[in-house]
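Peer 1: Mind having a look at this structure? Questions to follow.
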Amino acid sequence: MEYTALHVQLAPDFADILVAELAQAGFDGFEENTTGFTAYGESQLIDMATVQEVLARYAAQTELTSLVEPIAKVNWNEAWERNFEPVVVGDQCIVRASFHVPMPEYAYEIVIDPKMSFGTGHHATTAMMLRYQLDIDHVGKRFLDVGCGTGILSIMAEKRGAAGGTAFDIEEWAVENTQENLALNDCHSVHVFCGEINRIAKDEQFEVVLANINRNIILAQLPQYVHHLKTGGILLLSGFYEMDIPELLHAANQLGLTLKQQQTLENWGCLMLKKPE
Ligand SMILES: C[S@@+](CC[C@H](N)C(=O)[O-])C[C@H]1O[C@@H](n2cnc3c(N)ncnc32)[C@H](O)[C@@H]1O
């Protein structure tokens with residue numbers, strides 16, 4: 001397998017948004033440094049025309065330099081061990097890697113070895129999803145984790161007392177990583193598969209649906225999330241920008257959902273929605 005590394009230097013204000021756009025163009029690993037970041041991805045999955053368009057657009061707005069380099073292999077263990085600091089979410093939860101010292105003083109200690117998957121709690125969208133998971137009742141409930149990445153939201157759901165759930169992702173490596181991280185956290189109630197939401201049985205419903213993906217996928221799949229959500233159930237959404245909230249709320253209202261809470265962090269948005277009884 002061949003990989004591509006894209007080294008980018010730019011003003012920090014633009015980094016998060018650019019990372020999101022590059023992720024949509026096929027890059028799936030990001031390593032921050034003091035002047036920018038390096039994006040990694042499997043060469044054949046990267047849409048280089050889109051990448052060039054995106055870089056040109058950012059270069060017109062801010063000082064940006066970039067260098068594309070083919071690389072044989074990414075040593076993810078080295079990359080994330082260099083960069084992964086434990087991250088505190090709310091005041092009860094810590095997300096750390098397996099090589100950090102245990103921190104049992106936190107009510108929810110989540111151990112993540114992310115490798116190439118998204119979802120360490122460092123990203124604003126994951127952090128906001130986790131914060132809302134600390135607010136909602138999971139006890140005895142079943143959940144659906146759409147786009148599970150590292151599996152972090154499923155781990156939190158089980159630690160919060162959920163009876164079990166289903167997690168899936170379109171990326172095989174994310175599914176493998178979710179399975180590894182579930183095992184690291186002694187979570188055994190989650191069924192994980194590689195694929196899309198249409199693989200969920202038509203009549204299967206969940207009390208909690210978690211989807212931290214992106215604006216376009218959420219808008220396209222919202223009817224399916226609602227279909228698989230039990231009445232009285234909670235849908236948590238993130239992965240979109242603050243400016244997309246009105247459009248997403250409108251779509252959610254059209255489908256009969258009511259807004260319970262909303263939050264924003266670093267220009268990203270997160271919604272807590274309810275399917276009325
Ligand atoms: C922003 S990450 C979120 C990861 C994790 N759930 C979190 O909250 O940190 C989005 C994940 O969705 C996956 N994904 C993208 N499109 C998808 C789709 N149509 N169906 C399922 N997963 C998808 C990506 O591979 C990625 O792992």
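To be explicit about the labels: the chains of the structure tokens are called A, B, and onward in the order shown, and within each one the residues are counted from 1, while ligands get numbers from 1 in the order they are shown.
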Counting only C-alpha atoms and all ligand atoms, what residues are within 7 Å of ligand 1, given as a ChimeraX atom specification?

Peer 2: /A:117-121,125-126,129,145-153,168-171,174,195-197,211-214,217,239

Peer 1: Restricting it to N, CA and C atoms, dump the selection as a tab-separated table (two decimals), in the first residue's frame.

Peer 2:
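Saved as out39.tsv:
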```
chain	number	residue	atom	x	y	z
A	117	SER	N	-7.24	6.22	13.34
A	117	SER	CA	-8.65	6.60	13.43
A	117	SER	C	-8.85	7.94	14.12
A	118	PHE	N	-9.96	8.59	13.79
A	118	PHE	CA	-10.33	9.87	14.38
A	118	PHE	C	-11.09	9.59	15.68
A	119	GLY	N	-10.80	10.37	16.71
A	119	GLY	CA	-11.59	10.25	17.93
A	119	GLY	C	-10.77	10.01	19.17
A	120	THR	N	-10.04	11.06	19.59
A	120	THR	CA	-9.23	10.94	20.80
A	120	THR	C	-9.75	11.86	21.90
A	121	GLY	N	-10.75	12.66	21.58
A	121	GLY	CA	-11.21	13.63	22.57
A	121	GLY	C	-10.50	14.96	22.41
A	125	THR	N	-15.19	18.32	18.20
A	125	THR	CA	-16.46	17.61	17.98
A	125	THR	C	-16.57	16.39	18.90
A	126	THR	N	-15.49	15.65	19.04
A	126	THR	CA	-15.50	14.48	19.93
A	126	THR	C	-15.70	14.94	21.38
A	129	MET	N	-19.33	15.81	21.94
A	129	MET	CA	-20.17	14.61	22.00
A	129	MET	C	-20.02	13.95	23.38
A	145	ASP	N	-23.76	3.92	17.19
A	145	ASP	CA	-22.62	4.83	17.03
A	145	ASP	C	-22.26	4.86	15.54
A	146	VAL	N	-22.66	5.95	14.88
A	146	VAL	CA	-22.49	6.07	13.43
A	146	VAL	C	-21.13	6.71	13.13
A	147	GLY	N	-20.25	6.02	12.43
A	147	GLY	CA	-18.91	6.57	12.15
A	147	GLY	C	-18.09	6.52	13.42
A	148	CYS	N	-17.82	5.29	13.90
A	148	CYS	CA	-17.29	5.13	15.27
A	148	CYS	C	-15.83	5.57	15.41
A	149	GLY	N	-15.03	5.62	14.31
A	149	GLY	CA	-13.63	6.08	14.42
A	149	GLY	C	-12.83	5.19	15.35
A	150	THR	N	-12.39	5.75	16.48
A	150	THR	CA	-11.67	4.95	17.48
A	150	THR	C	-12.60	4.15	18.37
A	151	GLY	N	-13.92	4.43	18.28
A	151	GLY	CA	-14.88	3.76	19.17
A	151	GLY	C	-15.10	4.51	20.46
A	152	ILE	N	-14.56	5.72	20.55
A	152	ILE	CA	-14.57	6.46	21.82
A	152	ILE	C	-15.97	6.70	22.36
A	153	LEU	N	-16.94	6.98	21.48
A	153	LEU	CA	-18.29	7.29	21.96
A	153	LEU	C	-18.99	6.02	22.45
A	168	PHE	N	-20.46	1.33	13.82
A	168	PHE	CA	-19.95	0.99	12.49
A	168	PHE	C	-19.22	2.17	11.88
A	169	ASP	N	-18.41	1.85	10.88
A	169	ASP	CA	-17.63	2.87	10.19
A	169	ASP	C	-17.38	2.35	8.78
A	170	ILE	N	-17.22	3.27	7.82
A	170	ILE	CA	-16.96	2.81	6.45
A	170	ILE	C	-15.50	2.40	6.28
A	171	GLU	N	-14.64	2.76	7.22
A	171	GLU	CA	-13.22	2.44	7.10
A	171	GLU	C	-12.89	1.18	7.89
A	174	ALA	N	-10.73	1.75	10.94
A	174	ALA	CA	-11.45	2.33	12.09
A	174	ALA	C	-12.18	1.22	12.85
A	195	GLY	N	-19.21	-0.76	7.35
A	195	GLY	CA	-20.24	-0.54	6.34
A	195	GLY	C	-21.02	0.72	6.62
A	196	GLU	N	-22.21	0.77	6.04
A	196	GLU	CA	-23.04	1.99	6.10
A	196	GLU	C	-24.31	1.71	6.90
A	197	ILE	N	-25.06	2.75	7.13
A	197	ILE	CA	-26.25	2.64	7.98
A	197	ILE	C	-27.32	1.73	7.39
A	211	ALA	N	-23.90	10.49	16.24
A	211	ALA	CA	-23.34	10.63	14.88
A	211	ALA	C	-22.47	11.88	14.81
A	212	ASN	N	-21.16	11.66	14.90
A	212	ASN	CA	-20.20	12.75	14.72
A	212	ASN	C	-19.55	12.51	13.36
A	213	ILE	N	-20.16	13.07	12.30
A	213	ILE	CA	-19.63	12.79	10.94
A	213	ILE	C	-19.34	14.11	10.21
A	214	ASN	N	-20.25	14.55	9.37
A	214	ASN	CA	-20.09	15.88	8.76
A	214	ASN	C	-21.45	16.35	8.26
A	217	ILE	N	-23.20	14.38	5.17
A	217	ILE	CA	-23.65	13.02	5.49
A	217	ILE	C	-24.83	13.09	6.46
A	239	GLY	N	-19.74	17.30	14.09
A	239	GLY	CA	-18.95	17.11	12.88
A	239	GLY	C	-19.22	18.22	11.87
```

Peer 1: Excluding same-chain residues fewer than 3 positions from range 93-98 of chain A, what lies within 8 Å of it counting only C-alpha atoms, as a PyMOL selection string?

Peer 2: chain A and resi 84-90+101+103+106-113+120-121

Peer 1: Within 8 Å of range 220-226 of chain A, counting only C-alpha atoms, which residues show up once you throw out same-chain ones fewer than 5 positions away? Write them as a list in words, please.

Peer 2: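 Non-adjacent residues within range: Ile197, Val209, Leu235, Ala251, Ala252, Leu255 and Lys275 of chain A.
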
Peer 1: Those same residues - N, CA and C atoms - I'd like them written as a PDB file, in the first residue's frame.

Peer 2:
```
ATOM      1  N   ILE A 197     -25.064   2.750   7.132  1.00  0.00           N
ATOM      2  CA  ILE A 197     -26.248   2.642   7.983  1.00  0.00           C
ATOM      3  C   ILE A 197     -27.318   1.733   7.392  1.00  0.00           C
ATOM      4  N   VAL A 209     -28.779   7.634  19.634  1.00  0.00           N
ATOM      5  CA  VAL A 209     -28.038   7.568  18.366  1.00  0.00           C
ATOM      6  C   VAL A 209     -26.958   8.654  18.405  1.00  0.00           C
ATOM      7  N   LEU A 235     -30.801  11.939  20.059  1.00  0.00           N
ATOM      8  CA  LEU A 235     -29.839  11.933  18.953  1.00  0.00           C
ATOM      9  C   LEU A 235     -28.793  13.013  19.223  1.00  0.00           C
ATOM     10  N   ALA A 251     -33.741  20.908   9.307  1.00  0.00           N
ATOM     11  CA  ALA A 251     -33.959  19.535   8.819  1.00  0.00           C
ATOM     12  C   ALA A 251     -34.455  18.643   9.955  1.00  0.00           C
ATOM     13  N   ALA A 252     -33.887  18.815  11.142  1.00  0.00           N
ATOM     14  CA  ALA A 252     -34.289  17.985  12.282  1.00  0.00           C
ATOM     15  C   ALA A 252     -35.736  18.284  12.681  1.00  0.00           C
ATOM     16  N   LEU A 255     -38.310  16.716  10.558  1.00  0.00           N
ATOM     17  CA  LEU A 255     -38.475  15.277  10.811  1.00  0.00           C
ATOM     18  C   LEU A 255     -39.074  15.013  12.192  1.00  0.00           C
ATOM     19  N   LYS A 275     -36.522  12.715  20.070  1.00  0.00           N
ATOM     20  CA  LYS A 275     -37.686  12.272  19.296  1.00  0.00           C
ATOM     21  C   LYS A 275     -38.862  12.229  20.272  1.00  0.00           C
TER      22      LYS A 275
END
```

Peer 1: Counting only C-alpha atoms, which residue out of A:Leu257, A:Ile17, A:Leu67, A:Leu6 sits closest to Gly29 in chain A?

Peer 2: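 Comparing A:Leu257, A:Ile17, A:Leu67, A:Leu6 against Gly29 in chain A, the winner is A:Leu6.
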
Peer 1: Taking the chain letters and numbering used in this document, name the residues of range 99-272 of chain A that DSSP puts in strand (DSSP E), as JSON, numbers by chain.

Peer 2: {"A": [108, 109, 110, 111, 142, 143, 144, 145, 146, 164, 165, 166, 167, 168, 169, 190, 191, 192, 193, 194, 206, 207, 208, 209, 210, 211, 212, 229, 230, 231, 232, 233, 234, 235, 236, 237, 238, 239, 240, 241, 258, 259, 260, 261, 262, 263, 264, 265, 268, 269, 270, 271, 272]}

Peer 1: Convert the current residue selection to file output with N, CA and C atoms, as a compact mmCIF listing (two decimals), in the first residue's frame.

Peer 2:
```txt
# COMPACT_ATOMS: atom_id res chain seq x y z
N TYR A 108 -14.71 8.59 34.67
CA TYR A 108 -14.70 7.92 33.37
C TYR A 108 -13.30 8.03 32.77
N GLU A 109 -12.60 6.93 32.77
CA GLU A 109 -11.24 6.89 32.24
C GLU A 109 -11.29 6.08 30.94
N ILE A 110 -11.06 6.76 29.83
CA ILE A 110 -11.16 6.10 28.52
C ILE A 110 -9.75 5.95 27.95
N VAL A 111 -9.39 4.73 27.58
CA VAL A 111 -8.05 4.48 27.04
C VAL A 111 -8.20 4.28 25.53
N ARG A 142 -29.93 1.09 24.73
CA ARG A 142 -29.13 0.62 23.59
C ARG A 142 -28.79 1.80 22.69
N PHE A 143 -27.60 1.77 22.11
CA PHE A 143 -27.15 2.93 21.32
C PHE A 143 -26.63 2.50 19.96
N LEU A 144 -26.64 3.47 19.03
CA LEU A 144 -26.07 3.29 17.70
C LEU A 144 -24.98 4.34 17.53
N ASP A 145 -23.76 3.92 17.19
CA ASP A 145 -22.62 4.83 17.03
C ASP A 145 -22.26 4.86 15.54
N VAL A 146 -22.66 5.95 14.88
CA VAL A 146 -22.49 6.07 13.43
C VAL A 146 -21.13 6.71 13.13
N GLY A 164 -25.84 -1.90 25.75
CA GLY A 164 -25.13 -2.43 24.59
C GLY A 164 -25.46 -1.59 23.39
N GLY A 165 -24.80 -1.89 22.29
CA GLY A 165 -25.06 -1.08 21.11
C GLY A 165 -24.40 -1.62 19.87
N THR A 166 -24.56 -0.84 18.80
CA THR A 166 -23.97 -1.18 17.51
C THR A 166 -23.12 -0.01 17.07
N ALA A 167 -21.91 -0.29 16.60
CA ALA A 167 -21.02 0.77 16.12
C ALA A 167 -20.54 0.37 14.73
N PHE A 168 -20.46 1.33 13.82
CA PHE A 168 -19.95 0.99 12.49
C PHE A 168 -19.22 2.17 11.88
N ASP A 169 -18.41 1.85 10.88
CA ASP A 169 -17.63 2.87 10.19
C ASP A 169 -17.38 2.35 8.78
N VAL A 190 -20.65 -4.21 22.63
CA VAL A 190 -20.87 -3.46 21.38
C VAL A 190 -20.63 -4.36 20.17
N HIS A 191 -21.60 -4.37 19.28
CA HIS A 191 -21.44 -5.09 18.01
C HIS A 191 -20.84 -4.10 17.00
N VAL A 192 -19.73 -4.45 16.37
CA VAL A 192 -19.05 -3.52 15.46
C VAL A 192 -19.01 -4.12 14.05
N PHE A 193 -19.33 -3.28 13.06
CA PHE A 193 -19.19 -3.77 11.69
C PHE A 193 -18.68 -2.68 10.76
N CYS A 194 -18.16 -3.09 9.61
CA CYS A 194 -17.67 -2.15 8.61
C CYS A 194 -18.76 -1.98 7.57
N PHE A 206 -32.99 2.26 18.60
CA PHE A 206 -32.06 2.51 19.71
C PHE A 206 -32.56 3.71 20.52
N GLU A 207 -32.26 3.70 21.80
CA GLU A 207 -32.66 4.86 22.63
C GLU A 207 -31.72 6.04 22.44
N VAL A 208 -30.48 5.74 22.01
CA VAL A 208 -29.49 6.80 21.82
C VAL A 208 -28.81 6.59 20.46
N VAL A 209 -28.78 7.63 19.63
CA VAL A 209 -28.04 7.57 18.37
C VAL A 209 -26.96 8.65 18.40
N LEU A 210 -25.72 8.26 18.12
CA LEU A 210 -24.56 9.15 18.17
C LEU A 210 -23.99 9.27 16.78
N ALA A 211 -23.90 10.49 16.24
CA ALA A 211 -23.34 10.63 14.88
C ALA A 211 -22.47 11.88 14.81
N ASN A 212 -21.16 11.66 14.90
CA ASN A 212 -20.20 12.75 14.72
C ASN A 212 -19.55 12.51 13.36
N LEU A 229 -34.27 5.70 15.71
CA LEU A 229 -34.32 6.26 17.08
C LEU A 229 -35.68 5.96 17.69
N LYS A 230 -35.70 5.39 18.89
CA LYS A 230 -36.96 5.12 19.57
C LYS A 230 -37.65 6.41 19.95
N THR A 231 -38.97 6.40 20.07
CA THR A 231 -39.64 7.61 20.56
C THR A 231 -39.14 7.87 21.98
N GLY A 232 -38.91 9.12 22.29
CA GLY A 232 -38.34 9.49 23.58
C GLY A 232 -36.82 9.41 23.58
N GLY A 233 -36.24 8.94 22.47
CA GLY A 233 -34.78 8.75 22.40
C GLY A 233 -34.03 10.04 22.08
N ILE A 234 -32.72 9.97 22.26
CA ILE A 234 -31.86 11.15 22.08
C ILE A 234 -30.89 10.92 20.91
N LEU A 235 -30.80 11.94 20.06
CA LEU A 235 -29.84 11.93 18.95
C LEU A 235 -28.79 13.01 19.22
N LEU A 236 -27.52 12.63 19.27
CA LEU A 236 -26.43 13.60 19.40
C LEU A 236 -25.72 13.72 18.06
N LEU A 237 -25.58 14.95 17.59
CA LEU A 237 -24.96 15.18 16.28
C LEU A 237 -23.77 16.14 16.42
N SER A 238 -22.69 15.85 15.69
CA SER A 238 -21.60 16.83 15.58
C SER A 238 -20.81 16.51 14.30
N GLY A 239 -19.74 17.30 14.09
CA GLY A 239 -18.95 17.11 12.88
C GLY A 239 -19.22 18.22 11.87
N PHE A 240 -20.02 19.21 12.26
CA PHE A 240 -20.36 20.32 11.35
C PHE A 240 -19.95 21.63 12.02
N TYR A 241 -19.89 22.68 11.21
CA TYR A 241 -19.51 23.98 11.74
C TYR A 241 -20.70 24.67 12.40
N THR A 258 -37.05 17.53 18.39
CA THR A 258 -37.01 18.81 19.12
C THR A 258 -35.59 19.02 19.68
N LEU A 259 -35.21 20.28 19.73
CA LEU A 259 -33.87 20.62 20.22
C LEU A 259 -33.89 20.64 21.74
N LYS A 260 -32.96 19.89 22.35
CA LYS A 260 -32.85 19.94 23.82
C LYS A 260 -31.72 20.88 24.23
N GLN A 261 -30.56 20.76 23.54
CA GLN A 261 -29.43 21.64 23.85
C GLN A 261 -28.55 21.78 22.62
N GLN A 262 -27.79 22.86 22.59
CA GLN A 262 -26.77 22.99 21.55
C GLN A 262 -25.53 23.62 22.15
N GLN A 263 -24.37 23.27 21.61
CA GLN A 263 -23.13 23.87 22.09
C GLN A 263 -22.19 24.06 20.91
N THR A 264 -21.23 24.97 21.09
CA THR A 264 -20.23 25.20 20.05
C THR A 264 -18.85 25.27 20.72
N LEU A 265 -17.85 24.88 19.96
CA LEU A 265 -16.47 24.93 20.46
C LEU A 265 -15.56 25.07 19.24
N TRP A 268 -16.96 24.70 15.83
CA TRP A 268 -17.70 23.48 15.54
C TRP A 268 -19.00 23.47 16.34
N GLY A 269 -19.99 22.72 15.85
CA GLY A 269 -21.28 22.69 16.53
C GLY A 269 -21.63 21.28 17.00
N CYS A 270 -22.56 21.21 17.96
CA CYS A 270 -23.03 19.91 18.47
C CYS A 270 -24.47 20.10 18.92
N LEU A 271 -25.35 19.19 18.53
CA LEU A 271 -26.78 19.30 18.86
C LEU A 271 -27.23 18.08 19.66
N MET A 272 -28.09 18.35 20.67
CA MET A 272 -28.76 17.27 21.38
C MET A 272 -30.24 17.37 21.02
```

Peer 1: Could you pull the residues within 12 Å of Glu32 in chain A, counting only C-alpha atoms, minus those fewer than 4 positions along the same chain, as a PyMOL selection string?

Peer 2: chain A and resi 6-10+12+15-16+19+36-40+79-80+82-84+122-123

Peer 1: Out of range 28-190 of chain A, which residues get helix (DSSP H, G or I) from DSSP, as number ranges by chain?

Peer 2: A: 43-45, 48-61, 76-83, 124-135, 152-159, 172-184

Peer 1: In Å, rounded to a single decimal, give me how far CA of Ser189 in chain A is from CA of Ile218 in chain A.

Peer 2: 25.6 Å

Peer 1: Provide the CA of Pro102 in chain A to CA of Cys187 in chain A distance in Å, to one decimal place.

Peer 2: 17.0 Å

Peer 1: What does the structure give for the distance between CA of Gly41 in chain A and CA of Ser66 in chain A, in Å to one decimal?

Peer 2: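 Result for CA of Gly41 in chain A versus CA of Ser66 in chain A: 15.3 Å, one decimal.
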
Peer 1: Residues at most 12 Å from Met1 in chain A, counting only C-alpha atoms, excluding those fewer than 2 positions away in the same chain, as a ChimeraX atom specification?

Peer 2: /A:3-4,41-45,70-74

Peer 1: Write out as a PyMOL selection string each polymer residue whose atoms come within 10 Å of Thr50 in chain A, counting only C-alpha atoms; drop sequence neighbours fewer than 5 positions from it.

Peer 2: chain A and resi 21-22+24-26+55-56
